[in-house]
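Here the structure is laid out as structure tokens; the discussion comes afterwards.
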Amino acid sequence: MSSVNTHASLSIVSTSQAPAAIGPYAQGIKAGDLLFCSGCIPLNPETMQVVEGGVEAQAEQALKNLKAVVEAGGAELGKVVKTTVFLKSMDDFVAVNGVYAKVFGNHTPARSAVEVARLPKDVLVEVEAIVSLK
């Protein structure tokens with residue numbers, strides 16, 4: 001077994017306002033002037049259960065969780081530089097895009113959206129981000 005410690009130049013970001021990590025990763029990591037947010041899935045942080053409802057409800061919760069990590073890292077959604085949206089089905093793109101647009105308002109970070117074969121806990125959507133801390 002390897003014993004690797006987080007380098008002193010990095011800071012782990014953690015908040016109870018977003019679901020606890022369900023594996024060996026951090027909710028977020030600060031590196032210099034950037035915050036890297038792990039993929040956020042639509043888990044209710046209190047129950048750790050997938051929210052009920054379709055892709056729109058799941059997108060809302062995933063983005064709410066992302067916002068909590070961004071804020072815990074000392075930033076705000078208006079400082080998000082890049083997101084990646086993972087979709088179980090590209091057929092959900094328009095619905096997720098509508099939720100995404102409401103959450104980000106006039107701010108339009110760079111973004112990729114990709115369809116994937118499967119996501120953790122069989123959710124329909126996951127969102128990760130890179131955020132400026134300046």
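Each chain in the structure tokens gets a letter, A, B, ..., in the order shown, and its residues are numbered from 1; ligands are numbered from 1 in order too.
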Mind running stretch 6-57 of chain A against stretch 100-113 of chain A at 12 Å and telling me each contacting residue's nearest atom pair with the distance in Å (one decimal), counting only C-alpha atoms, chain and number ascending, as CSV?
```
residue,atom,partner,partner_atom,distance
A:Val55,CA,A:Tyr100,CA,11.7
A:Glu56,CA,A:Tyr100,CA,9.4
A:Ala57,CA,A:Tyr100,CA,11.4
```
Would you please give, as JSON, numbers by chain, all residues of stretch 11-124 of chain A that DSSP assigns to helix (DSSP H, G or I) based on the backbone? {"A": [55, 56, 57, 58, 59, 60, 61, 62, 63, 64, 65, 66, 67, 68, 69, 70, 71, 72, 77, 78, 79, 90, 91, 92, 93, 94, 95, 96, 97, 98, 99, 100, 101, 102, 103, 104, 120, 121, 122]}
In terms of the shortest atom-to-atom distance over only C-alpha atoms, which of A:Leu133, A:Ala59, A:Val69, A:Val123 is closest to A:Ala31?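 Ranking A:Leu133, A:Ala59, A:Val69, A:Val123 by distance to A:Ala31, first place goes to A:Leu133.
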From stretch 1-132 of chain A, collect each residue whose DSSP state is strand (DSSP E or B) and return the set as number ranges by chain. A: 10-13, 28-31, 34-40, 43, 50, 80-87, 110-115, 125-132
Could you jot down the atom CA of A:Ala75 to atom CA of A:Glu52 separation for me, Å, one decimal place?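 Computed distance, atom CA of A:Ala75 to atom CA of A:Glu52, equals 28.8 Å.
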Considering only C-alpha atoms, can you say which of A:Met1, A:Val125, A:Ile29, A:Ala8 comes closest to A:Leu43? A:Val125
Ranking A:Val114, A:Val51, A:Ile130, A:Val80 by minimum distance to A:Val96 and counting only C-alpha atoms, which one comes first?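 Checking each candidate against A:Val96, we get A:Val114 as the closest.
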Best match for closeness to A:Gly23 among A:Phe93, A:Pro45, A:Ser38, A:Leu10, counting only C-alpha atoms: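 Smallest distance to A:Gly23 is found for A:Ser38.
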Report, in Å to a single decimal, how far apart atom CA of A:Gly28 and atom CA of A:Ser14 are.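 So the two atoms, atom CA of A:Ser14 and atom CA of A:Gly28, lie 6.7 Å apart.
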Between atom CA of A:Leu35 and atom CA of A:Leu77, what is the distance, to one decimal in Å? 11.7 Å
Given the choices A:Ala72, A:Val116, A:Cys40, A:Val94, which gets closest to A:Glu128 if the distance is worked out from only C-alpha atoms?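 Between A:Ala72, A:Val116, A:Cys40, A:Val94, the residue approaching A:Glu128 most closely is A:Cys40.
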